[in-house]
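Asker: The following block contains the structure, expressed as structure tokens.
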Amino acid sequence: MAETGTLKVRDIMTSGTQCIGENQSILEACRMMRDMKVGSLPICGADDRLKGMITDRDIVVKCCAEGMDLERTKAGRFTGELHWIDADAPMTEALEMMERHQVKRLPVIDVRDNHRLCGMISEQNLARSISDEQLAEFVERVYA
């Protein structure tokens, strides 16, 4: 494996990320999360482009607690401000971006491949690739 300073996001990301379509229901998103054993999903539009992210927490706080119908509410409701990173960016840039925006997961876009979603980078991916000191600093900033 390359040294931490030379690792690219694509070297440590989880590939094979699946999207929930913006017109699919929140119930479908719940089932996908359950089946894939994940806590978030990227939301993609009919144009196959990344539109947003939905988390299990979003579903509980913004849907269930508000009494929304999970079969009728569309995942596209959660499009909006979105942070992502280029697959060829240095791993340290992902670390800095996640700290700055206090997010635990970032969609990874392959800019060279027509801006297609190609994976996700999570705190778990980072934990396997950074020093204990960097990890402690990351945890402190993201969970502040």
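In the structure tokens, the first chain shown is A, the next is B, and so on; residue numbers restart at 1 for each chain, and ligands run from 1 in the order shown.
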Could you pull out the helix (DSSP H, G or I) residues of region 43-123 of chain A from DSSP and send them as a list in words?
Answerer: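 Residues meeting the helix (DSSP H, G or I) criterion: Asp56, Arg57, Asp58, Ile59, Val60, Val61, Lys62, Cys63, Cys64, Ala75, Gly76, Arg77, Phe78, Met91, Thr92, Glu93, Ala94, Leu95, Glu96, Met97, Met98, Glu99, Arg100, His101, Val111, Arg112, Asp113 and Glu123 of chain A.
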Asker: As a ChimeraX atom specification, please: the residues near Leu95 (chain A) (cut-off 12 Å, only C-alpha atoms, same-chain neighbours under 3 positions excluded).
Answerer: /A:4-5,7-9,12,84-85,89-92,98-106,121-127,129-131,134-139,141-142
Asker: Can you write out the residues you just picked, keeping N, CA and C atoms, as a JSON list (two decimals), in the first residue's frame?
Answerer:
```json
[["chain", "number", "residue", "atom", "x", "y", "z"],
["A", 4, "THR", "N", 0.56, 7.17, 3.33],
["A", 4, "THR", "CA", -0.64, 7.97, 3.57],
["A", 4, "THR", "C", -0.67, 9.21, 2.70],
["A", 5, "GLY", "N", 0.46, 9.89, 2.55],
["A", 5, "GLY", "CA", 0.51, 11.13, 1.80],
["A", 5, "GLY", "C", 0.26, 10.97, 0.31],
["A", 7, "LEU", "N", -1.76, 8.35, -0.99],
["A", 7, "LEU", "CA", -3.01, 7.62, -1.24],
["A", 7, "LEU", "C", -4.04, 8.54, -1.88],
["A", 8, "LYS", "N", -4.74, 8.01, -2.86],
["A", 8, "LYS", "CA", -5.86, 8.71, -3.49],
["A", 8, "LYS", "C", -7.15, 8.16, -2.88],
["A", 9, "VAL", "N", -8.20, 8.95, -3.02],
["A", 9, "VAL", "CA", -9.50, 8.52, -2.51],
["A", 9, "VAL", "C", -9.89, 7.16, -3.09],
["A", 12, "ILE", "N", -8.80, 3.92, -1.26],
["A", 12, "ILE", "CA", -9.34, 3.49, 0.03],
["A", 12, "ILE", "C", -10.87, 3.48, 0.09],
["A", 84, "TRP", "N", -19.12, 16.11, -2.02],
["A", 84, "TRP", "CA", -18.57, 14.94, -2.67],
["A", 84, "TRP", "C", -17.10, 15.21, -2.94],
["A", 85, "ILE", "N", -16.40, 14.16, -3.34],
["A", 85, "ILE", "CA", -14.98, 14.30, -3.62],
["A", 85, "ILE", "C", -14.62, 13.52, -4.87],
["A", 89, "ALA", "N", -8.65, 12.67, -5.95],
["A", 89, "ALA", "CA", -8.16, 13.61, -4.93],
["A", 89, "ALA", "C", -7.31, 12.86, -3.91],
["A", 90, "PRO", "N", -6.37, 13.55, -3.29],
["A", 90, "PRO", "CA", -5.59, 12.90, -2.23],
["A", 90, "PRO", "C", -6.49, 12.51, -1.06],
["A", 91, "MET", "N", -6.20, 11.40, -0.44],
["A", 91, "MET", "CA", -6.97, 10.92, 0.70],
["A", 91, "MET", "C", -7.05, 12.00, 1.79],
["A", 92, "THR", "N", -5.97, 12.76, 1.95],
["A", 92, "THR", "CA", -5.95, 13.80, 2.99],
["A", 92, "THR", "C", -7.00, 14.89, 2.71],
["A", 98, "MET", "N", -14.28, 16.06, 5.20],
["A", 98, "MET", "CA", -15.19, 15.43, 6.16],
["A", 98, "MET", "C", -15.14, 16.15, 7.50],
["A", 99, "GLU", "N", -13.95, 16.56, 7.91],
["A", 99, "GLU", "CA", -13.82, 17.32, 9.16],
["A", 99, "GLU", "C", -14.52, 18.67, 9.04],
["A", 100, "ARG", "N", -14.26, 19.38, 7.95],
["A", 100, "ARG", "CA", -14.80, 20.72, 7.76],
["A", 100, "ARG", "C", -16.33, 20.72, 7.74],
["A", 101, "HIS", "N", -16.92, 19.74, 7.07],
["A", 101, "HIS", "CA", -18.38, 19.69, 6.94],
["A", 101, "HIS", "C", -19.03, 18.79, 7.98],
["A", 102, "GLN", "N", -18.22, 18.18, 8.84],
["A", 102, "GLN", "CA", -18.68, 17.29, 9.90],
["A", 102, "GLN", "C", -19.59, 16.19, 9.35],
["A", 103, "VAL", "N", -19.09, 15.50, 8.34],
["A", 103, "VAL", "CA", -19.81, 14.37, 7.75],
["A", 103, "VAL", "C", -18.98, 13.11, 7.91],
["A", 104, "LYS", "N", -19.65, 12.00, 8.01],
["A", 104, "LYS", "CA", -18.98, 10.71, 8.23],
["A", 104, "LYS", "C", -18.83, 9.90, 6.96],
["A", 105, "ARG", "N", -19.49, 10.38, 5.89],
["A", 105, "ARG", "CA", -19.43, 9.68, 4.60],
["A", 105, "ARG", "C", -19.42, 10.71, 3.48],
["A", 106, "LEU", "N", -18.68, 10.40, 2.43],
["A", 106, "LEU", "CA", -18.65, 11.28, 1.25],
["A", 106, "LEU", "C", -18.83, 10.43, -0.01],
["A", 121, "ILE", "N", -16.64, 7.07, 0.56],
["A", 121, "ILE", "CA", -15.55, 7.03, 1.52],
["A", 121, "ILE", "C", -16.16, 7.34, 2.88],
["A", 122, "SER", "N", -15.83, 6.53, 3.85],
["A", 122, "SER", "CA", -16.41, 6.67, 5.18],
["A", 122, "SER", "C", -15.31, 6.76, 6.22],
["A", 123, "GLU", "N", -15.73, 7.04, 7.43],
["A", 123, "GLU", "CA", -14.77, 7.09, 8.52],
["A", 123, "GLU", "C", -14.08, 5.73, 8.68],
["A", 124, "GLN", "N", -14.76, 4.66, 8.37],
["A", 124, "GLN", "CA", -14.16, 3.32, 8.45],
["A", 124, "GLN", "C", -13.03, 3.18, 7.43],
["A", 125, "ASN", "N", -13.24, 3.68, 6.21],
["A", 125, "ASN", "CA", -12.18, 3.64, 5.20],
["A", 125, "ASN", "C", -10.96, 4.43, 5.67],
["A", 126, "LEU", "N", -11.22, 5.61, 6.24],
["A", 126, "LEU", "CA", -10.13, 6.46, 6.73],
["A", 126, "LEU", "C", -9.39, 5.79, 7.88],
["A", 127, "ALA", "N", -10.14, 5.19, 8.80],
["A", 127, "ALA", "CA", -9.53, 4.59, 9.99],
["A", 127, "ALA", "C", -8.48, 3.54, 9.63],
["A", 129, "SER", "N", -6.54, 3.76, 7.11],
["A", 129, "SER", "CA", -5.50, 4.35, 6.28],
["A", 129, "SER", "C", -4.73, 5.50, 6.90],
["A", 130, "ILE", "N", -5.14, 5.95, 8.08],
["A", 130, "ILE", "CA", -4.46, 7.10, 8.70],
["A", 130, "ILE", "C", -3.87, 6.70, 10.04],
["A", 131, "SER", "N", -3.02, 7.55, 10.55],
["A", 131, "SER", "CA", -2.38, 7.28, 11.84],
["A", 131, "SER", "C", -3.39, 7.42, 12.97],
["A", 134, "GLN", "N", -4.06, 11.09, 13.61],
["A", 134, "GLN", "CA", -4.97, 11.69, 12.64],
["A", 134, "GLN", "C", -6.41, 11.24, 12.90],
["A", 135, "LEU", "N", -6.56, 9.97, 13.24],
["A", 135, "LEU", "CA", -7.90, 9.44, 13.51],
["A", 135, "LEU", "C", -8.52, 10.11, 14.74],
["A", 136, "ALA", "N", -7.74, 10.29, 15.78],
["A", 136, "ALA", "CA", -8.24, 10.95, 17.00],
["A", 136, "ALA", "C", -8.67, 12.38, 16.69],
["A", 137, "GLU", "N", -7.87, 13.08, 15.90],
["A", 137, "GLU", "CA", -8.19, 14.46, 15.51],
["A", 137, "GLU", "C", -9.46, 14.50, 14.66],
["A", 138, "PHE", "N", -9.59, 13.56, 13.74],
["A", 138, "PHE", "CA", -10.77, 13.47, 12.89],
["A", 138, "PHE", "C", -12.02, 13.27, 13.75],
["A", 139, "VAL", "N", -11.98, 12.30, 14.64],
["A", 139, "VAL", "CA", -13.13, 12.00, 15.50],
["A", 139, "VAL", "C", -13.52, 13.21, 16.32],
["A", 141, "ARG", "N", -13.07, 16.37, 15.63],
["A", 141, "ARG", "CA", -13.66, 17.44, 14.81],
["A", 141, "ARG", "C", -15.02, 17.06, 14.26],
["A", 142, "VAL", "N", -15.19, 15.83, 13.81],
["A", 142, "VAL", "CA", -16.46, 15.43, 13.20],
["A", 142, "VAL", "C", -17.55, 15.30, 14.25]]
```
Asker: Residues near region 55-70 of chain A, anyone? I mean within 7 Å using only C-alpha atoms, not counting same-chain ones fewer than 2 positions away, as a PyMOL selection string.
Answerer: chain A and resi 25-27+39-41+53+72-73
Asker: Mind listing the strand (DSSP E) residues of chain A, per DSSP on the backbone, as a count of residues only?
Answerer: 30
Asker: Figure out the distance between CA of Met97 (chain A) and CA of Asp113 (chain A), please, to one decimal in Å.
Answerer: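 It comes out at 21.8 Å.
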Asker: Return the single residue from A:His83, A:Lys74, A:Arg49, A:Arg128 that is closest to His115 (chain A), with distances computed using only C-alpha atoms.
Answerer: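 Of A:His83, A:Lys74, A:Arg49, A:Arg128, the one nearest His115 (chain A), counting only C-alpha atoms, is A:Arg49.
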Asker: When you look at Gly52 (chain A) with a cut-off of 10 Å (counting only C-alpha atoms), what residues show up, excluding the ones that are within fewer than 6 positions of it in the same chain? I need them as a PDB file with N, CA and C atoms, in the first residue's frame.
Answerer:
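Contents of the output file around17.pdb:
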```pdb
ATOM      1  N   CYS A  19     -27.293   3.581  -5.684  1.00  0.00           N
ATOM      2  CA  CYS A  19     -28.113   4.771  -5.425  1.00  0.00           C
ATOM      3  C   CYS A  19     -29.563   4.384  -5.212  1.00  0.00           C
ATOM      4  N   ILE A  20     -30.257   5.236  -4.504  1.00  0.00           N
ATOM      5  CA  ILE A  20     -31.720   5.209  -4.496  1.00  0.00           C
ATOM      6  C   ILE A  20     -32.129   6.275  -5.509  1.00  0.00           C
ATOM      7  N   GLU A  22     -34.247   9.253  -7.170  1.00  0.00           N
ATOM      8  CA  GLU A  22     -34.946  10.374  -6.546  1.00  0.00           C
ATOM      9  C   GLU A  22     -36.458  10.192  -6.546  1.00  0.00           C
ATOM     10  N   LEU A  41     -27.537   6.339   1.835  1.00  0.00           N
ATOM     11  CA  LEU A  41     -27.560   6.041   0.404  1.00  0.00           C
ATOM     12  C   LEU A  41     -27.416   7.333  -0.386  1.00  0.00           C
ATOM     13  N   PRO A  42     -26.668   7.291  -1.464  1.00  0.00           N
ATOM     14  CA  PRO A  42     -26.676   8.426  -2.377  1.00  0.00           C
ATOM     15  C   PRO A  42     -28.008   8.424  -3.128  1.00  0.00           C
ATOM     16  N   ILE A  43     -28.471   9.601  -3.474  1.00  0.00           N
ATOM     17  CA  ILE A  43     -29.699   9.753  -4.257  1.00  0.00           C
ATOM     18  C   ILE A  43     -29.283  10.168  -5.666  1.00  0.00           C
ATOM     19  N   CYS A  44     -29.740   9.424  -6.656  1.00  0.00           N
ATOM     20  CA  CYS A  44     -29.409   9.739  -8.044  1.00  0.00           C
ATOM     21  C   CYS A  44     -30.675  10.098  -8.808  1.00  0.00           C
ATOM     22  N   GLY A  45     -30.508  10.991  -9.763  1.00  0.00           N
ATOM     23  CA  GLY A  45     -31.624  11.415 -10.595  1.00  0.00           C
ATOM     24  C   GLY A  45     -31.801  10.517 -11.796  1.00  0.00           C
ATOM     25  N   ALA A  75     -37.525   9.846  -2.193  1.00  0.00           N
ATOM     26  CA  ALA A  75     -36.150  10.083  -1.732  1.00  0.00           C
ATOM     27  C   ALA A  75     -35.650  11.443  -2.192  1.00  0.00           C
ATOM     28  N   GLY A  76     -36.137  11.918  -3.333  1.00  0.00           N
ATOM     29  CA  GLY A  76     -35.729  13.211  -3.865  1.00  0.00           C
ATOM     30  C   GLY A  76     -35.989  14.367  -2.922  1.00  0.00           C
ATOM     31  N   ARG A  77     -36.809  14.155  -1.925  1.00  0.00           N
ATOM     32  CA  ARG A  77     -37.075  15.178  -0.909  1.00  0.00           C
ATOM     33  C   ARG A  77     -35.769  15.562  -0.181  1.00  0.00           C
ATOM     34  N   PHE A  78     -34.780  14.675  -0.216  1.00  0.00           N
ATOM     35  CA  PHE A  78     -33.534  14.893   0.513  1.00  0.00           C
ATOM     36  C   PHE A  78     -32.393  15.368  -0.376  1.00  0.00           C
ATOM     37  N   THR A  79     -32.726  15.844  -1.554  1.00  0.00           N
ATOM     38  CA  THR A  79     -31.689  16.455  -2.376  1.00  0.00           C
ATOM     39  C   THR A  79     -31.423  17.842  -1.803  1.00  0.00           C
ATOM     40  N   GLY A  80     -30.287  18.366  -2.063  1.00  0.00           N
ATOM     41  CA  GLY A  80     -29.932  19.678  -1.525  1.00  0.00           C
ATOM     42  C   GLY A  80     -28.433  19.802  -1.430  1.00  0.00           C
ATOM     43  N   GLU A  81     -27.968  20.494  -0.397  1.00  0.00           N
ATOM     44  CA  GLU A  81     -26.530  20.687  -0.244  1.00  0.00           C
ATOM     45  C   GLU A  81     -25.840  19.330  -0.198  1.00  0.00           C
ATOM     46  N   LEU A  82     -24.833  19.204  -1.005  1.00  0.00           N
ATOM     47  CA  LEU A  82     -24.170  17.915  -1.141  1.00  0.00           C
ATOM     48  C   LEU A  82     -22.668  18.116  -1.196  1.00  0.00           C
ATOM     49  N   HIS A  83     -21.971  17.324  -0.438  1.00  0.00           N
ATOM     50  CA  HIS A  83     -20.511  17.328  -0.454  1.00  0.00           C
ATOM     51  C   HIS A  83     -20.070  16.024  -1.101  1.00  0.00           C
ATOM     52  N   TRP A  84     -19.124  16.110  -2.020  1.00  0.00           N
ATOM     53  CA  TRP A  84     -18.570  14.939  -2.675  1.00  0.00           C
ATOM     54  C   TRP A  84     -17.097  15.206  -2.942  1.00  0.00           C
ATOM     55  N   PRO A 107     -19.736  10.833  -0.885  1.00  0.00           N
ATOM     56  CA  PRO A 107     -19.800  10.167  -2.183  1.00  0.00           C
ATOM     57  C   PRO A 107     -18.521  10.485  -2.958  1.00  0.00           C
TER      58      PRO A 107
END
```
Asker: Measuring atom to atom with only C-alpha atoms, identify which of A:Ile54, A:Ala94, A:Met13, A:Ala87 is nearest to Arg116 (chain A).
Answerer: A:Ala87
Asker: Could you work out how far CA of Met120 (chain A) lies from CA of Thr14 (chain A), giving the answer in Å with one decimal?
Answerer: 5.3 Å
Asker: Using CA of Asp110 (chain A) and CA of Asp88 (chain A) as the two end points, give the distance in Å to one decimal.
Answerer: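 Distance between the two atoms: 7.4 Å.
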Asker: Please determine, counting only C-alpha atoms, which residue among A:Asp47, A:Ile109, A:Tyr143, A:Glu71 has the shortest atom-to-atom distance to Glu28 (chain A).
Answerer: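 Of all the options, A:Glu71 lies closest to Glu28 (chain A).
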